[in-house]
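Comments concern the structure below.
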Amino acid sequence: MYELKTLLPAFDITVPKCMYAMKSLALKRDGGTPEVSGSSICSSTDPILQSIRRQIDMVLKAENASAMTKLEERQEVVIKQLHELRNQLQSMRSSLNVCGKTIQHTQPRGEVYESLPDIVINAHPKFIPYALLAIKNIWKDVFNIDVKCYSHSTIVSLDQEAIEFQKQITANNSSVKSPGIKVTLIWKNTEHTEMISSPTMYVPIYGEVNIIRYLARVGPQDYRYEDTTYSNDIDVILDICYQLLRCQTAKSMQPLLRSLNNRLQKQKYFTGDQLSIADVAVCSSIRRMPAAAKNLTENMNKWLTRVKQVTLI
Amino acid sequence: MVADGEPVETAEQQSKKAAKKQAKEAAKAAKKAEHKEAAKKDQESNVEAEDYSAGKYGIAKLIQSAETHSDRKFVKVSDLSQFINKGTVWVRGRVHTSRSKGKQCFLILRQQSSTVQCVIAVGDEVSKQMVKFSGSISKESVIDVHVKVVPVSSSIESCTEQKLELYVCEIYVISAAKPQLPLQIEDASRPENLDDPESLNIRVNQDTRLDNRVLDLRTPANQAIFRLEAGVCKLFRDILTEKGFTEIHTPKIIPAPSEGGANVFTVSYFKDSVYLAQSPQLYKQMAIAADFDKVFTVGAVFRAEDSNTHRHLTEFVGLDLEMSFKYHYHEVLHVIGDTFTAIFKGLRDNYSKEIAAVGQQFKVDAFKFLEPPLILKFSEGVAMLREAGVETGDEEDLSTPNEKLLGRLVKAKYDTDFYILDKFPLAIRPFYTMPDPNNKMYSNSYDMFMRGEEILSGAQRIHDADFLIERAKHHGVDLQKIASYIEAFRFGCPPHAGGGIGMERVVMLYLGLDNIRKTSMFPRDPKRTTP
């Protein structure tokens with residue numbers, strides 16, 4: 001600490017009786033010395049003060065052992081309080097969450113993800129949601145996506161590609177026994193791929209990439225990107241995929257593919273060395289748009305082969 | 001106003017002006033009479049002199065199969081388009097409407113759901129008298145016409161055959177209708193536009209319709225409904241026969257009430273009294289015990305329920321099936337579910353015309369379903385209801401409002417009008433229902449729903465006599481009354497499950513109609529046994 005020079009010459013101060021005597025903060029353990037602490041610490045040559053100082057040192061030394069344990073106890077209390085505060089914040093966060101999902105940050109990967117509402121995905125057999133299959137394959141050892149397929153009466157018959165997809169998506173290849181999320185996939189004559197979770201709060205989520213976003217939020221920890229440094233990058237890539245899936249001509253895909261290529265550069269994956277949801281989205285989008293697959297750069301092609309090995313689509 | 005032949009006494013008091021007026025009036029009347037006379041004379045002379053169409057129209061002799069007229073080539077109204085400008089053909093149909101306009105008569109001919117416009121105009125072959133006769137034929141009379149099929153430039157909106165009309169050469173009334181009809185076909189077939197305040201609001205009461213069912217059934221919608229109903233039966237038979245089922249016929253006169261005993265009709269039987277079958281349940285099961293493996297039956301079922309609701313009849317057609325299985329009753333559940341899907345698909349693909357015709361009058365959404373059918377557990381259904389804020393117990397049966405609400409929830413989530421609820425609580429099912437092997441609270445039973453209304457209720461039945469007795473005792477059923485039922489399982493019986501549906505209810509819900517009387521040709525309810 002700083003040492004302060006005494007501005008005034010040392011002299012006895014008569015403490016007025018009309019006021020409360022405050023215990024010295026610095027000398028809390030020393031109950032019997034209500035003197036002005038400032039003067040006691042300063043390097044004064046006053047013999048009286050020096051003797052007091054010695055006395056204090058003595059007392060401090062004597063009580064040192066017990067003081068340490070008390071300090072430790074205090075620390076424990078503080079840590080406990082911090083923990084409580086953290087829990088409170090967490091519960092506030094989950095209650096304020098828009099999607100009404102429980103944030104499961106504290107759950108380690110591979111554990112049972114309970115209380116996820118089962119979801120219904122409506123898709124047109126012409127627009128097969130390959131991303132779902134890709135995610136199911138990637139997560140097969142950590143998170144079980146249990147899919148059941150149905151055909152809606154607005155669809156007269158399924159073509160070969162959809163039947164093949166249905167066979168793969170309904171296969172039970174997960175090593176995790178309990179389902180992480182139950183998905184009902186309905187082939188339906190619908191314009192958008194849409195997701196419905198609760199009939200009472202009927203607000204569908206439209207678009208394949210937004211379904212990817214949802215799954216990324218509730219799925220294994222490693223794929224939750226919201227708190228990572230890449231969150232913005234991933235969101236942009238997902239949005240590019242959304243546009244890509246809406247392209248009618250190969251020409252309109254060009255600028256989108258170019259910007260994807262710029263983002264990938266020489267990296268192993270879009271966000272560096274770690275496979276992310278963005279890779280899944282781009283991969284499945286290209287899978288659905290054969291025209292896009294033809295116009296890839298060499299770099300992108302290499303990346304695609306790499307990603308396809310894990311997504312299996 | 002002063003009428004003709006005013007008493008003379010008052011003439012004296014009348015003013016000059018009035019007298020003048022009267023004179024004028026009288027003159028007018030005289031002139032009118034003269035005119036009339038002349039016209040009459042003229043007409044009479046016409047009849048004698050100019051009816052060159054005689055013998056080409058009139059009321060035909062009562063057909064007693066005296067002649068074959070094999071030279072007359074009859075064509076269906078819906079096939080007329082193939083005969084445009086190809087000589088003359090014959091058509092038999094009903095007069096839907098007719099409209100005379102001087103030298104022309106427009107007549108709309110109806111044949112089942114098809115309509116076509118006929119023109120009878122004065123010309124070289126058609127006389128004035130023939131036109132007049134055509135205009136006087138009462139609505140709904142059956143007529144034969146010999147016609148030329150002619151294309152029209154602007155399509156005729158009021159007919160189903162819009163691209164052509166018929167030029168009549170000959171017209172005969174085969175069977176005349178009464179001039180006064182208890183209801184107009186046009187009114188009975190008017191679309192129900194509840195939202196449109198400007199539409200004509202003339203409607204025919206349900207009771208008027210049912211009292212004059214013969215006329216009412218002639219509307220395009222009713223024609224379509226009963227053709228579709230026939231389709232349901234045909235599909236049910238075809239699909240199950242394909243799956244290896246055998247059709248059986250069960251007695252309708254039974255010695256003891258088959259289900260419970262409250263809602264059964266008692267009829268006198270010589271010196272005794274017997275009951276009318278409430279369901280072919282027992283006989284289906286006996287057929288299974290007799291090694292028929294898979295059976296179905298189509299037949300009348302009677303329920304003495306005094307409930308006047310939109311969905312209860314005292315007599316209806318039951319489509320029942322029962323089938324033995326190897327190890328799990330889901331084998332049966334899937335067969336029943338697939339049968340329904342196949343029926344829905346068959347109706348969607350082969351009866352689209354009928355569905356559209358019904359839709360013309362009753363605006364309803366097309367029936368939606370999933371393939372394979374959606375199967376939910378009863379507990380999942382309860383969870384969905386609870387999520388929607390409804391408080392219902394785990395072992396509580398679905399009340400009618402809850403049933404409807406659940407139907408809406410399932411529709412919102414899965415967009416299907418058909419679904420299956422599996423694993424009902426044991427407590428709310430009949431004593432012969434097999435309990436669930438893993439959870440004593442539930443049973444191996446299922447219900448199927450269309451547009452949120454229950455249409456089928458079925459289960460795995462207990463096929464072990466001793467266990468059946470135990471369950472019957474638990475339910476407090478009088479063992480003596482069901483002795484013959486239990487006896488059927490004493491000689492070995494394979495495990496089996498099944499269910500039954502009401503044909504009228506299925507058609508009503510498939511089409512989204514609001515009353516089961518619309519899908520029963522001659523409905524029987526607590527208040528009606530006629531016609």
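Identifiers in the structure tokens: chain A, B, ... in order shown; residue index from 1 per chain; ligand index from 1 in order shown.
Excluding Glu504 in chain B itself and same-chain residues fewer than 4 positions from it, the residues having an atom within 8 Å of it are Glu229, Phe316, Val317, Met508, Ile516, Thr519 and Ser520 of chain B, counting only C-alpha atoms.
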Interface, chain B side, toward chain A (12 Å; only C-alpha atoms) as a PyMOL selection string | chain B and resi 341-349+366-376+380+383-390+405-418
Could you name the residues that touch Lys103 in chain B at 10 Å or less, counting only C-alpha atoms, but leaving out those on the same chain fewer than 3 positions away, as a PDB file with all heavy atoms, in the first residue's frame?
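The file below, result-v7.pdb, is the result:
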```
ATOM      1  N   SER B 100     -90.822 -21.339 -72.551  1.00  0.00           N
ATOM      2  CA  SER B 100     -91.396 -21.105 -73.876  1.00  0.00           C
ATOM      3  C   SER B 100     -91.282 -19.635 -74.228  1.00  0.00           C
ATOM      4  O   SER B 100     -91.493 -18.771 -73.372  1.00  0.00           O
ATOM      5  CB  SER B 100     -92.870 -21.514 -73.877  1.00  0.00           C
ATOM      6  OG  SER B 100     -92.972 -22.861 -74.190  1.00  0.00           O
ATOM      7  N   ILE B 120     -86.577 -26.461 -79.143  1.00  0.00           N
ATOM      8  CA  ILE B 120     -87.669 -26.839 -80.022  1.00  0.00           C
ATOM      9  C   ILE B 120     -88.145 -25.532 -80.647  1.00  0.00           C
ATOM     10  O   ILE B 120     -88.748 -24.688 -79.973  1.00  0.00           O
ATOM     11  CB  ILE B 120     -88.825 -27.521 -79.259  1.00  0.00           C
ATOM     12  CG1 ILE B 120     -88.296 -28.744 -78.497  1.00  0.00           C
ATOM     13  CG2 ILE B 120     -89.932 -27.967 -80.209  1.00  0.00           C
ATOM     14  CD1 ILE B 120     -88.373 -28.607 -77.031  1.00  0.00           C
ATOM     15  N   ALA B 121     -87.841 -25.321 -81.929  1.00  0.00           N
ATOM     16  CA  ALA B 121     -88.168 -24.064 -82.591  1.00  0.00           C
ATOM     17  C   ALA B 121     -89.003 -24.356 -83.827  1.00  0.00           C
ATOM     18  O   ALA B 121     -88.767 -25.351 -84.529  1.00  0.00           O
ATOM     19  CB  ALA B 121     -86.892 -23.331 -82.992  1.00  0.00           C
ATOM     20  N   VAL B 122     -89.991 -23.488 -84.084  1.00  0.00           N
ATOM     21  CA  VAL B 122     -90.862 -23.664 -85.241  1.00  0.00           C
ATOM     22  C   VAL B 122     -90.003 -23.651 -86.502  1.00  0.00           C
ATOM     23  O   VAL B 122     -89.150 -22.785 -86.683  1.00  0.00           O
ATOM     24  CB  VAL B 122     -91.923 -22.545 -85.293  1.00  0.00           C
ATOM     25  CG1 VAL B 122     -92.760 -22.669 -86.563  1.00  0.00           C
ATOM     26  CG2 VAL B 122     -92.798 -22.622 -84.063  1.00  0.00           C
ATOM     27  N   GLY B 123     -90.205 -24.624 -87.375  1.00  0.00           N
ATOM     28  CA  GLY B 123     -89.402 -24.715 -88.589  1.00  0.00           C
ATOM     29  C   GLY B 123     -90.086 -25.632 -89.579  1.00  0.00           C
ATOM     30  O   GLY B 123     -91.302 -25.844 -89.496  1.00  0.00           O
ATOM     31  N   VAL B 126     -90.908 -28.759 -87.363  1.00  0.00           N
ATOM     32  CA  VAL B 126     -91.543 -28.542 -86.065  1.00  0.00           C
ATOM     33  C   VAL B 126     -92.664 -27.515 -86.214  1.00  0.00           C
ATOM     34  O   VAL B 126     -92.432 -26.399 -86.680  1.00  0.00           O
ATOM     35  CB  VAL B 126     -90.513 -28.040 -85.040  1.00  0.00           C
ATOM     36  CG1 VAL B 126     -91.170 -27.762 -83.716  1.00  0.00           C
ATOM     37  CG2 VAL B 126     -89.393 -29.053 -84.892  1.00  0.00           C
ATOM     38  N   SER B 127     -93.854 -27.932 -85.806  1.00  0.00           N
ATOM     39  CA  SER B 127     -94.995 -27.022 -85.932  1.00  0.00           C
ATOM     40  C   SER B 127     -95.169 -26.223 -84.653  1.00  0.00           C
ATOM     41  O   SER B 127     -94.579 -26.539 -83.621  1.00  0.00           O
ATOM     42  CB  SER B 127     -96.256 -27.828 -86.208  1.00  0.00           C
ATOM     43  OG  SER B 127     -96.578 -28.586 -85.054  1.00  0.00           O
ATOM     44  N   LYS B 128     -95.986 -25.196 -84.753  1.00  0.00           N
ATOM     45  CA  LYS B 128     -96.302 -24.364 -83.588  1.00  0.00           C
ATOM     46  C   LYS B 128     -96.883 -25.204 -82.457  1.00  0.00           C
ATOM     47  O   LYS B 128     -96.564 -25.008 -81.296  1.00  0.00           O
ATOM     48  CB  LYS B 128     -97.335 -23.325 -83.999  1.00  0.00           C
ATOM     49  CG  LYS B 128     -96.816 -21.909 -84.006  1.00  0.00           C
ATOM     50  CD  LYS B 128     -97.965 -20.986 -84.320  1.00  0.00           C
ATOM     51  CE  LYS B 128     -97.516 -19.549 -84.297  1.00  0.00           C
ATOM     52  NZ  LYS B 128     -98.606 -18.648 -84.709  1.00  0.00           N
ATOM     53  N   GLN B 129     -97.713 -26.141 -82.817  1.00  0.00           N
ATOM     54  CA  GLN B 129     -98.382 -26.969 -81.815  1.00  0.00           C
ATOM     55  C   GLN B 129     -97.369 -27.812 -81.058  1.00  0.00           C
ATOM     56  O   GLN B 129     -97.484 -28.005 -79.839  1.00  0.00           O
ATOM     57  CB  GLN B 129     -99.400 -27.903 -82.499  1.00  0.00           C
ATOM     58  CG  GLN B 129    -100.606 -27.227 -83.040  1.00  0.00           C
ATOM     59  CD  GLN B 129    -100.327 -26.610 -84.425  1.00  0.00           C
ATOM     60  OE1 GLN B 129     -99.230 -26.752 -84.984  1.00  0.00           O
ATOM     61  NE2 GLN B 129    -101.308 -25.900 -84.942  1.00  0.00           N
ATOM     62  N   MET B 130     -96.363 -28.261 -81.760  1.00  0.00           N
ATOM     63  CA  MET B 130     -95.351 -29.083 -81.106  1.00  0.00           C
ATOM     64  C   MET B 130     -94.565 -28.256 -80.095  1.00  0.00           C
ATOM     65  O   MET B 130     -94.267 -28.713 -78.987  1.00  0.00           O
ATOM     66  CB  MET B 130     -94.407 -29.661 -82.160  1.00  0.00           C
ATOM     67  CG  MET B 130     -93.368 -30.599 -81.600  1.00  0.00           C
ATOM     68  SD  MET B 130     -92.542 -31.488 -82.921  1.00  0.00           S
ATOM     69  CE  MET B 130     -91.070 -32.027 -82.116  1.00  0.00           C
ATOM     70  N   VAL B 131     -94.265 -27.022 -80.470  1.00  0.00           N
ATOM     71  CA  VAL B 131     -93.554 -26.130 -79.540  1.00  0.00           C
ATOM     72  C   VAL B 131     -94.396 -25.889 -78.303  1.00  0.00           C
ATOM     73  O   VAL B 131     -93.926 -25.948 -77.177  1.00  0.00           O
ATOM     74  CB  VAL B 131     -93.205 -24.790 -80.230  1.00  0.00           C
ATOM     75  CG1 VAL B 131     -92.599 -23.818 -79.246  1.00  0.00           C
ATOM     76  CG2 VAL B 131     -92.285 -25.034 -81.412  1.00  0.00           C
ATOM     77  N   LYS B 132     -95.702 -25.683 -78.548  1.00  0.00           N
ATOM     78  CA  LYS B 132     -96.616 -25.405 -77.431  1.00  0.00           C
ATOM     79  C   LYS B 132     -96.697 -26.615 -76.504  1.00  0.00           C
ATOM     80  O   LYS B 132     -96.641 -26.483 -75.277  1.00  0.00           O
ATOM     81  CB  LYS B 132     -97.995 -25.079 -77.995  1.00  0.00           C
ATOM     82  CG  LYS B 132     -98.827 -24.283 -77.039  1.00  0.00           C
ATOM     83  CD  LYS B 132    -100.169 -23.957 -77.599  1.00  0.00           C
ATOM     84  CE  LYS B 132    -101.048 -23.484 -76.470  1.00  0.00           C
ATOM     85  NZ  LYS B 132    -102.382 -24.062 -76.569  1.00  0.00           N
TER      86      LYS B 132
END
```
So which residues of range 375-456 of chain B fall under alpha helix (DSSP H) by DSSP, listed as an MDAnalysis selection string?
-> chainID B and resid 378:387 400:414
Tell me which protein, DNA and RNA residues are within 7 Å of Val89 in chain B, counting only C-alpha atoms, leaving out same-chain ones fewer than 6 positions away, and put them as an mmCIF file with N, CA, C and O atoms, in the first residue's frame.
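Now in part-v1.cif:
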```cif
data_model
loop_
_atom_site.group_PDB
_atom_site.id
_atom_site.type_symbol
_atom_site.label_atom_id
_atom_site.label_comp_id
_atom_site.auth_asym_id
_atom_site.auth_seq_id
_atom_site.Cartn_x
_atom_site.Cartn_y
_atom_site.Cartn_z
ATOM 1 N N LYS B 73 -81.499 -45.423 -81.380
ATOM 2 C CA LYS B 73 -80.175 -45.493 -80.772
ATOM 3 C C LYS B 73 -80.108 -44.481 -79.630
ATOM 4 O O LYS B 73 -80.105 -43.275 -79.864
ATOM 5 N N PHE B 74 -80.053 -44.970 -78.387
ATOM 6 C CA PHE B 74 -80.032 -44.067 -77.225
ATOM 7 C C PHE B 74 -78.599 -43.739 -76.806
ATOM 8 O O PHE B 74 -77.707 -44.601 -76.862
ATOM 9 N N VAL B 75 -78.413 -42.482 -76.425
ATOM 10 C CA VAL B 75 -77.083 -42.018 -76.045
ATOM 11 C C VAL B 75 -77.176 -41.356 -74.672
ATOM 12 O O VAL B 75 -78.173 -40.697 -74.365
ATOM 13 N N HIS B 146 -85.866 -37.256 -79.888
ATOM 14 C CA HIS B 146 -85.069 -37.659 -81.045
ATOM 15 C C HIS B 146 -84.395 -36.379 -81.523
ATOM 16 O O HIS B 146 -85.083 -35.422 -81.862
ATOM 17 N N VAL B 147 -83.076 -36.327 -81.496
ATOM 18 C CA VAL B 147 -82.417 -35.019 -81.623
ATOM 19 C C VAL B 147 -81.227 -35.057 -82.573
ATOM 20 O O VAL B 147 -80.664 -36.110 -82.867
ATOM 21 N N LYS B 148 -80.901 -33.824 -83.016
ATOM 22 C CA LYS B 148 -79.646 -33.595 -83.720
ATOM 23 C C LYS B 148 -78.714 -32.902 -82.738
ATOM 24 O O LYS B 148 -79.131 -31.962 -82.056
#
```
